[in-house]
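Colleague: Quick one, input.txt (compact mmCIF, C-alpha atoms):
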```
# COMPACT_ATOMS: atom_id res chain seq x y z
CA MET A 1 -1.46 6.75 -2.76
CA THR A 2 0.43 4.20 -4.48
CA ASP A 3 2.83 2.08 -2.54
CA CYS A 4 5.42 3.49 -4.81
CA ASN A 5 4.47 7.09 -5.35
CA ASN A 6 4.30 10.43 -3.62
CA SER A 7 0.83 10.02 -2.12
CA SER A 8 1.16 6.49 -0.83
CA GLU A 9 1.58 7.21 2.85
CA PRO A 10 0.61 10.52 4.45
CA GLU A 11 3.30 12.30 6.38
CA PRO A 12 2.52 12.33 10.09
CA ASN A 13 1.05 15.69 11.07
CA ASP A 14 -0.22 17.28 14.25
CA SER A 15 -3.84 16.23 13.83
CA LEU A 16 -2.99 12.62 13.00
CA GLN A 17 -0.58 12.36 15.89
CA THR A 18 -3.05 14.01 18.26
CA PHE A 19 -5.80 11.57 17.30
CA GLY A 20 -3.34 8.68 17.74
CA ALA A 21 -2.35 9.89 21.19
CA VAL A 22 -5.99 10.26 22.23
CA LEU A 23 -6.79 6.77 20.96
CA GLN A 24 -3.79 5.32 22.80
CA GLY A 25 -4.82 7.09 25.99
CA PHE A 26 -8.35 5.69 25.91
CA ARG A 27 -7.05 2.22 25.03
CA GLU A 28 -4.61 2.17 27.91
CA HIS A 29 -7.25 3.56 30.28
CA ALA A 30 -9.47 0.64 29.26
CA GLY A 31 -6.63 -1.78 30.05
CA LEU A 32 -6.42 -3.10 26.50
CA THR A 33 -3.39 -3.93 24.39
CA GLN A 34 -3.33 -3.12 20.69
CA GLN A 35 -3.85 -6.84 20.02
CA GLU A 36 -6.93 -6.87 22.25
CA LEU A 37 -8.44 -3.74 20.73
CA ALA A 38 -7.94 -4.96 17.14
CA PRO A 39 -10.86 -7.46 17.00
CA LEU A 40 -13.15 -4.95 18.71
CA VAL A 41 -12.66 -2.42 15.92
CA GLY A 42 -12.41 -4.94 13.08
CA TYR A 43 -8.87 -4.01 12.07
CA SER A 44 -5.47 -5.61 12.60
CA ALA A 45 -3.21 -4.81 15.55
CA HIS A 46 -0.73 -3.48 12.99
CA PHE A 47 -3.34 -1.00 11.76
CA VAL A 48 -4.19 0.07 15.32
CA ALA A 49 -0.49 0.70 15.98
CA SER A 50 -0.18 2.74 12.77
CA VAL A 51 -3.14 4.94 13.74
CA GLU A 52 -1.72 5.50 17.22
CA GLN A 53 1.64 6.49 15.71
CA GLY A 54 -0.07 9.02 13.42
CA ARG A 55 0.84 7.11 10.26
CA ARG A 56 -2.65 6.04 9.22
CA LEU A 57 -5.86 7.95 8.77
CA PRO A 58 -8.65 6.42 10.87
CA PRO A 59 -11.59 5.31 8.66
CA GLU A 60 -15.09 6.24 9.86
CA ASP A 61 -16.01 2.69 10.89
CA PHE A 62 -12.75 2.39 12.85
CA VAL A 63 -13.55 5.58 14.76
CA GLU A 64 -17.11 4.50 15.53
CA ARG A 65 -16.10 1.05 16.78
CA ALA A 66 -13.24 2.48 18.86
CA GLU A 67 -15.61 5.07 20.30
CA VAL A 68 -17.96 2.32 21.50
CA ALA A 69 -15.29 -0.18 22.56
CA LEU A 70 -13.40 2.41 24.62
CA ASN A 71 -16.43 4.34 25.92
CA ALA A 72 -14.78 7.55 24.72
CA HIS A 73 -17.71 9.88 25.42
CA GLY A 74 -17.66 11.28 21.88
CA ILE A 75 -14.08 12.51 22.15
CA LEU A 76 -12.71 10.21 19.45
CA ARG A 77 -15.44 11.34 17.05
CA LYS A 78 -14.56 14.99 17.66
CA ALA A 79 -10.84 14.32 17.24
CA ALA A 80 -11.52 12.42 14.01
CA ARG A 81 -13.42 15.38 12.56
CA LYS A 82 -10.34 17.51 13.07
CA VAL A 83 -8.28 14.96 11.16
CA GLY A 84 -10.80 14.92 8.35
CA ARG A 85 -10.35 18.65 7.80
CA GLN A 86 -6.58 18.41 7.54
CA PRO A 87 -5.53 19.88 4.12
CA GLY A 88 -4.22 17.37 1.60
CA LEU A 89 -5.74 14.26 3.20
CA ALA A 90 -8.47 13.39 0.71
CA ALA A 91 -11.44 11.11 1.35
CA TRP A 92 -10.30 8.56 -1.22
CA PHE A 93 -7.04 8.08 0.68
CA ARG A 94 -8.75 7.50 4.02
CA LYS A 95 -11.05 4.93 2.48
CA TRP A 96 -8.32 3.08 0.56
CA ALA A 97 -6.01 2.90 3.58
CA GLY A 98 -8.76 1.24 5.58
CA LEU A 99 -9.74 -1.10 2.75
CA GLU A 100 -6.16 -2.29 2.32
CA GLU A 101 -6.07 -3.43 5.92
CA LEU A 102 -9.19 -5.54 5.33
CA ALA A 103 -8.33 -6.89 1.89
CA ILE A 104 -8.33 -10.62 1.26
CA SER A 105 -6.66 -10.05 -2.12
CA LEU A 106 -4.69 -7.17 -3.56
CA TYR A 107 -3.73 -6.89 -7.23
CA THR A 108 -1.20 -4.35 -8.53
CA TYR A 109 0.01 -3.47 -12.02
CA GLU A 110 2.86 -0.98 -12.18
CA CYS A 111 4.78 0.42 -15.14
CA ARG A 112 6.63 3.36 -13.53
CA VAL A 113 8.56 2.14 -10.50
CA VAL A 114 8.62 -0.99 -8.35
CA PRO A 115 5.56 -0.89 -6.02
CA GLY A 116 6.26 0.31 -2.50
CA LEU A 117 5.35 -3.03 -0.94
CA LEU A 118 8.19 -4.63 -2.90
CA GLN A 119 10.87 -1.96 -2.51
CA THR A 120 14.11 -2.29 -0.60
CA ALA A 121 15.13 0.52 1.72
CA ALA A 122 17.91 1.56 -0.67
CA TYR A 123 15.57 1.64 -3.66
CA ALA A 124 12.95 3.65 -1.73
CA ARG A 125 15.60 6.06 -0.48
CA THR A 126 16.73 6.68 -4.05
CA LEU A 127 13.18 7.66 -4.99
CA PHE A 128 12.76 9.89 -1.94
CA ASP A 129 16.17 11.52 -2.41
CA ASN A 130 15.22 12.53 -5.95
CA ARG A 131 11.66 13.65 -5.32
CA VAL A 132 10.58 17.06 -6.59
CA PRO A 133 10.05 19.26 -4.64
CA LEU A 134 12.88 18.11 -2.40
CA LEU A 135 12.18 16.47 0.94
CA THR A 136 14.09 17.23 4.13
CA ASP A 137 16.21 14.52 5.74
CA ASP A 138 13.59 14.11 8.46
CA GLN A 139 10.81 13.74 5.88
CA ILE A 140 12.80 11.09 4.03
CA GLU A 141 13.37 9.10 7.22
CA THR A 142 9.68 9.37 8.10
CA GLN A 143 8.65 8.13 4.65
CA LEU A 144 11.13 5.26 4.81
CA THR A 145 9.90 4.16 8.22
CA ALA A 146 6.27 4.28 7.09
CA ARG A 147 7.02 2.29 3.95
CA GLN A 148 9.00 -0.41 5.75
CA GLU A 149 6.30 -0.70 8.39
CA ARG A 150 3.67 -1.14 5.70
CA GLN A 151 5.67 -3.87 3.99
CA ARG A 152 5.20 -6.08 7.04
CA MET A 153 1.74 -7.01 5.79
CA LEU A 154 3.26 -9.24 3.11
CA ARG A 155 4.62 -11.58 5.77
CA GLU A 156 2.11 -10.99 8.55
CA ARG A 157 -1.09 -11.38 6.52
CA GLN A 158 -0.60 -14.88 5.16
CA ASN A 159 -4.29 -15.26 4.24
CA THR A 160 -4.16 -12.27 1.90
CA ALA A 161 -3.20 -12.90 -1.73
CA PHE A 162 -0.80 -10.27 -3.08
CA CYS A 163 -0.34 -10.28 -6.85
CA PHE A 164 1.99 -7.93 -8.71
CA ILE A 165 2.64 -7.38 -12.41
CA LEU A 166 5.72 -5.28 -13.20
CA ASP A 167 6.80 -3.99 -16.58
CA GLU A 168 10.27 -5.33 -17.39
CA HIS A 169 11.60 -1.85 -18.18
CA VAL A 170 11.05 -0.89 -14.52
CA LEU A 171 13.75 -3.43 -13.66
CA LEU A 172 15.96 -2.60 -16.63
CA ARG A 173 16.17 1.03 -15.51
CA ARG A 174 18.33 -0.17 -12.60
CA THR A 175 17.28 2.72 -10.40
CA GLY A 176 19.92 3.63 -7.83
CA GLY A 177 22.77 1.95 -9.69
CA THR A 178 24.05 -1.60 -9.95
CA GLU A 179 24.30 -2.38 -6.25
CA VAL A 180 20.81 -1.09 -5.43
CA ALA A 181 19.31 -2.81 -8.46
CA ASP A 182 20.97 -6.15 -7.65
CA GLU A 183 19.75 -5.97 -4.05
CA LEU A 184 16.23 -5.22 -5.29
CA THR A 185 16.26 -8.19 -7.65
CA ALA A 186 17.42 -10.51 -4.85
CA HIS A 187 14.67 -9.10 -2.62
CA LEU A 188 12.02 -9.76 -5.26
CA LEU A 189 13.22 -13.35 -5.55
CA ASP A 190 12.98 -13.76 -1.77
CA LEU A 191 9.40 -12.48 -1.83
CA THR A 192 8.37 -14.94 -4.53
CA ALA A 193 9.11 -17.71 -2.03
CA LEU A 194 6.16 -16.51 0.10
CA ARG A 195 3.01 -18.52 -0.59
CA ASN A 196 0.80 -15.43 -0.59
CA VAL A 197 2.95 -13.34 -2.94
CA GLU A 198 2.94 -13.70 -6.73
CA ILE A 199 5.13 -11.60 -9.02
CA GLN A 200 4.85 -11.55 -12.81
CA VAL A 201 6.95 -9.59 -15.27
CA MET A 202 5.48 -8.03 -18.41
CA PRO A 203 8.27 -8.57 -20.97
CA LEU A 204 9.44 -5.88 -23.34
CA SER A 205 8.80 -8.33 -26.15
CA ARG A 206 5.08 -7.83 -25.50
CA GLY A 207 4.79 -4.65 -27.56
CA VAL A 208 1.14 -3.98 -26.74
CA HIS A 209 -0.78 -5.17 -23.71
CA ALA A 210 -3.89 -4.45 -21.64
CA GLY A 211 -2.13 -2.07 -19.28
CA MET A 212 -1.27 0.63 -21.79
CA ASN A 213 -3.62 3.06 -20.01
CA GLY A 214 -1.38 3.06 -16.95
CA PRO A 215 -0.95 1.49 -13.51
CA MET A 216 -3.89 0.20 -11.49
CA ARG A 217 -4.72 -1.55 -8.28
CA LEU A 218 -7.66 -3.72 -7.27
CA LEU A 219 -8.62 -5.24 -3.95
CA GLU A 220 -11.33 -7.47 -2.55
CA VAL A 221 -12.70 -7.15 0.99
CA PRO A 222 -14.12 -10.03 3.08
CA GLU A 223 -17.66 -9.18 1.94
CA ASN A 224 -16.43 -9.94 -1.60
CA GLN A 225 -16.85 -6.36 -2.73
CA TRP A 226 -14.18 -5.00 -5.06
CA PHE A 227 -12.53 -1.59 -5.12
CA GLY A 228 -10.02 -0.06 -7.51
CA TYR A 229 -7.43 2.66 -7.29
CA ILE A 230 -5.69 4.64 -10.01
CA GLU A 231 -3.18 7.43 -9.59
CA GLY A 232 -1.54 10.26 -11.46
CA GLN A 233 0.85 12.96 -10.36
CA GLU A 234 -0.39 14.37 -7.04
CA THR A 235 -3.83 12.84 -7.59
CA GLY A 236 -5.55 9.57 -6.81
CA GLN A 237 -8.99 8.12 -7.41
CA LEU A 238 -10.78 5.45 -5.42
CA ILE A 239 -13.20 3.47 -7.58
CA SER A 240 -16.23 1.52 -6.38
CA GLU A 241 -18.52 1.83 -9.42
CA PRO A 242 -19.24 -1.80 -10.49
CA LYS A 243 -19.03 -1.07 -14.23
CA THR A 244 -15.62 0.56 -13.89
CA ILE A 245 -14.40 -2.19 -11.56
CA SER A 246 -15.50 -4.74 -14.16
CA VAL A 247 -13.41 -2.99 -16.82
CA LEU A 248 -10.34 -2.91 -14.56
CA GLN A 249 -10.81 -6.59 -13.67
CA MET A 250 -10.98 -7.51 -17.36
CA ARG A 251 -7.82 -5.57 -18.04
CA TYR A 252 -5.97 -7.11 -15.10
CA ALA A 253 -7.06 -10.61 -16.12
CA LYS A 254 -5.75 -9.95 -19.61
CA LEU A 255 -2.51 -8.58 -18.18
CA ARG A 256 -1.97 -11.78 -16.18
CA SER A 257 -2.35 -13.85 -19.34
CA GLN A 258 0.00 -11.58 -21.31
CA ALA A 259 2.75 -11.37 -18.69
CA LEU A 260 5.32 -14.08 -18.08
CA THR A 261 4.09 -16.83 -15.76
CA PRO A 262 5.28 -16.57 -12.15
CA GLU A 263 7.75 -19.38 -12.84
CA ASP A 264 9.12 -17.74 -15.99
CA SER A 265 9.25 -14.41 -14.17
CA VAL A 266 11.44 -15.99 -11.49
CA SER A 267 13.69 -17.39 -14.21
CA LEU A 268 14.02 -13.92 -15.71
CA LEU A 269 14.90 -12.42 -12.32
CA LYS A 270 17.54 -15.11 -11.84
CA GLN A 271 19.35 -14.24 -15.05
CA PRO A 272 22.84 -12.78 -14.63
CA ARG A 273 22.36 -9.26 -13.31
CA GLY A 274 24.03 -7.69 -16.32
CA ALA A 275 21.66 -9.54 -18.62
CA LEU A 276 18.48 -8.25 -16.97
```
Once you've parsed the file, please lay out its structure as structure tokens.
Modeller:
Amino acid sequence: MTDCNNSSEPEPNDSLQTFGAVLQGFREHAGLTQQELAPLVGYSAHFVASVEQGRRLPPEDFVERAEVALNAHGILRKAARKVGRQPGLAAWFRKWAGLEELAISLYTYECRVVPGLLQTAAYARTLFDNRVPLLTDDQIETQLTARQERQRMLRERQNTAFCFILDEHVLLRRTGGTEVADELTAHLLDLTALRNVEIQVMPLSRGVHAGMNGPMRLLEVPENQWFGYIEGQETGQLISEPKTISVLQMRYAKLRSQALTPEDSVSLLKQPRGAL
């Protein structure tokens, strides 16, 4: 469900929205705000809001804690089982969405498009407008809203380290045309000013590097356990096997050493737009 690809955020559907409405009803009946419920379920207020709006799948531990905190008489559990049977919403997605909200560090290598967390609205719209099969106007607006909402974590979660490595050719493609590409570059530069965001560029001059097998993501949760995520067309795989995680960590560490330093990456982004 990459931040940047088709399966990143699920489209709101009836079962997700129904669960969100039920959760909101129990929360309000208990006299709690989203901010007050958040510590009781172990997730952020932003995540609680996303679940109530039908934009996030509720992980099992979220459902269990909400069930207890709101004294829901088993209703939330039953509603969650309906969500779990919704076609197209795979277990790996539910788990990853929950893990992301808990992550103390998130590492991304991307060689296809700019990751969703870093996209401008115009860049994202270009991708959605050209998706195959075509999306309706309403679907595009829903995807844009979900993506922009998700991007808030970069600024709101200042204790989480976000590290990105982007292949230079992703920027050279100038997706959306000159104006969109220039806005994206300026946006990336703005994000590098955040203390918790690090962006590195893998230069074209590096003919071979450790990411030749494709994009990857890694995250660490507060218990210091690591998870990985890899994605292809219409598929995604959540990884928790320690041996595989170790391989991905070695590759990402090598990528960081092969890419331009954060400072040199900023210098590259600051080059005259026509030169990039």
Colleague: Here is a test: counting only C-alpha atoms, which residue of A:Ser246, A:Ser44, A:Thr145, A:Ser205 is nearest to Glu100 (chain A)?
Modeller: A:Ser44
Colleague: Which residues are close to Pro262 (chain A), i.e. within 8 Å by only C-alpha atoms, leaving aside same-chain residues fewer than 2 positions away? Reply as a list in words.
Modeller: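 My list of contacting residues is Glu198, Ile199, Gln200, Val201, Leu260, Asp264, Ser265 and Val266 of chain A.
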Colleague: Considering all atoms listed in the file, return as a list in words whatever protein or nucleic-acid residues lie within 8 Å of Leu16 (chain A), sequence-local ones (same chain, fewer than 3 positions apart) excluded.
Modeller: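 The residues that qualify are Pro12, Asn13, Phe19, Gly20, Val51, Gly54, Arg55, Arg56, Leu57 and Val83 of chain A.
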Colleague: Could you give me the centre and size, in Å to one decimal, of an axis-aligned box around all listed atoms of region 16-20 of chain A with 5 Å added on every side, as JSON?
Modeller:
```
{"center_x": -3.2, "center_y": 11.3, "center_z": 15.6, "size_x": 15.2, "size_y": 15.3, "size_z": 15.3}
```
Colleague: Please determine, counting only C-alpha atoms, which residue among A:Ala80, A:Gly177, A:Ser240, A:Ala30 has the shortest atom-to-atom distance to Asp61 (chain A).
Modeller: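 Comparing A:Ala80, A:Gly177, A:Ser240, A:Ala30 against Asp61 (chain A), the winner is A:Ala80.
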Colleague: Between CA of Ala103 (chain A) and CA of Leu219 (chain A), what is the spacing in Å?
Modeller: 6.1 Å
Colleague: Smallest atom-to-atom distance to Ala146 (chain A): which of A:Ala49, A:Cys111, A:Leu238, A:Ala253, using all atoms listed in the file?
Modeller: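 Using all atoms listed in the file, Ala146 (chain A) sits closest to A:Ala49.
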Colleague: Between CA of Val114 (chain A) and CA of Gln225 (chain A), what is the spacing in Å?
Modeller: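 Going from CA of Gln225 (chain A) over to CA of Val114 (chain A) covers 26.6 Å.
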Colleague: Using all atoms listed in the file, which residue out of A:Thr108, A:Gln35, A:Gln148, A:Ser50 lies closest to Gly214 (chain A)?
Modeller: A:Thr108
Colleague: Between CA of Leu218 (chain A) and CA of Arg173 (chain A), what is the distance in Å, rounded to a tenth?
Modeller: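 A separation of 25.7 Å between them.
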Colleague: Closest to Gln17 (chain A) among A:Ala66, A:Ala79, A:Leu255, A:Ile140, using all atoms listed in the file?
Modeller: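 Closest residue, counting all atoms listed in the file: A:Ala79.
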Colleague: When you look at His46 (chain A) with a cut-off of 9 Å (counting all atoms listed in the file), what residues show up, excluding the ones that are within fewer than 6 positions of it in the same chain? I need them as number ranges by chain.
Modeller: A: 34-35, 38, 101, 149-150, 152-153
Colleague: Using all atoms listed in the file, list the residues that have an atom at most 10 Å from (11.3, 10.0, 3.9), coordinates as in the file, as a ChimeraX atom specification.
Modeller: /A:11,124-125,127-129,131,135-147
Colleague: Using all atoms listed in the file, which of the listed residues (A:Arg112, A:Arg174, A:Lys254, A:Lys243) sits closest to Glu231 (chain A)?
Modeller: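 Using all atoms listed in the file, Glu231 (chain A) sits closest to A:Arg112.
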Colleague: Excluding Trp96 (chain A) and residues on its chain fewer than 6 positions from it, collect all residues at most 10 Å away from it, counting only C-alpha atoms, and give them as a PyMOL selection string.
Modeller: chain A and resi 1+57+59+102+219+227-229+237-239
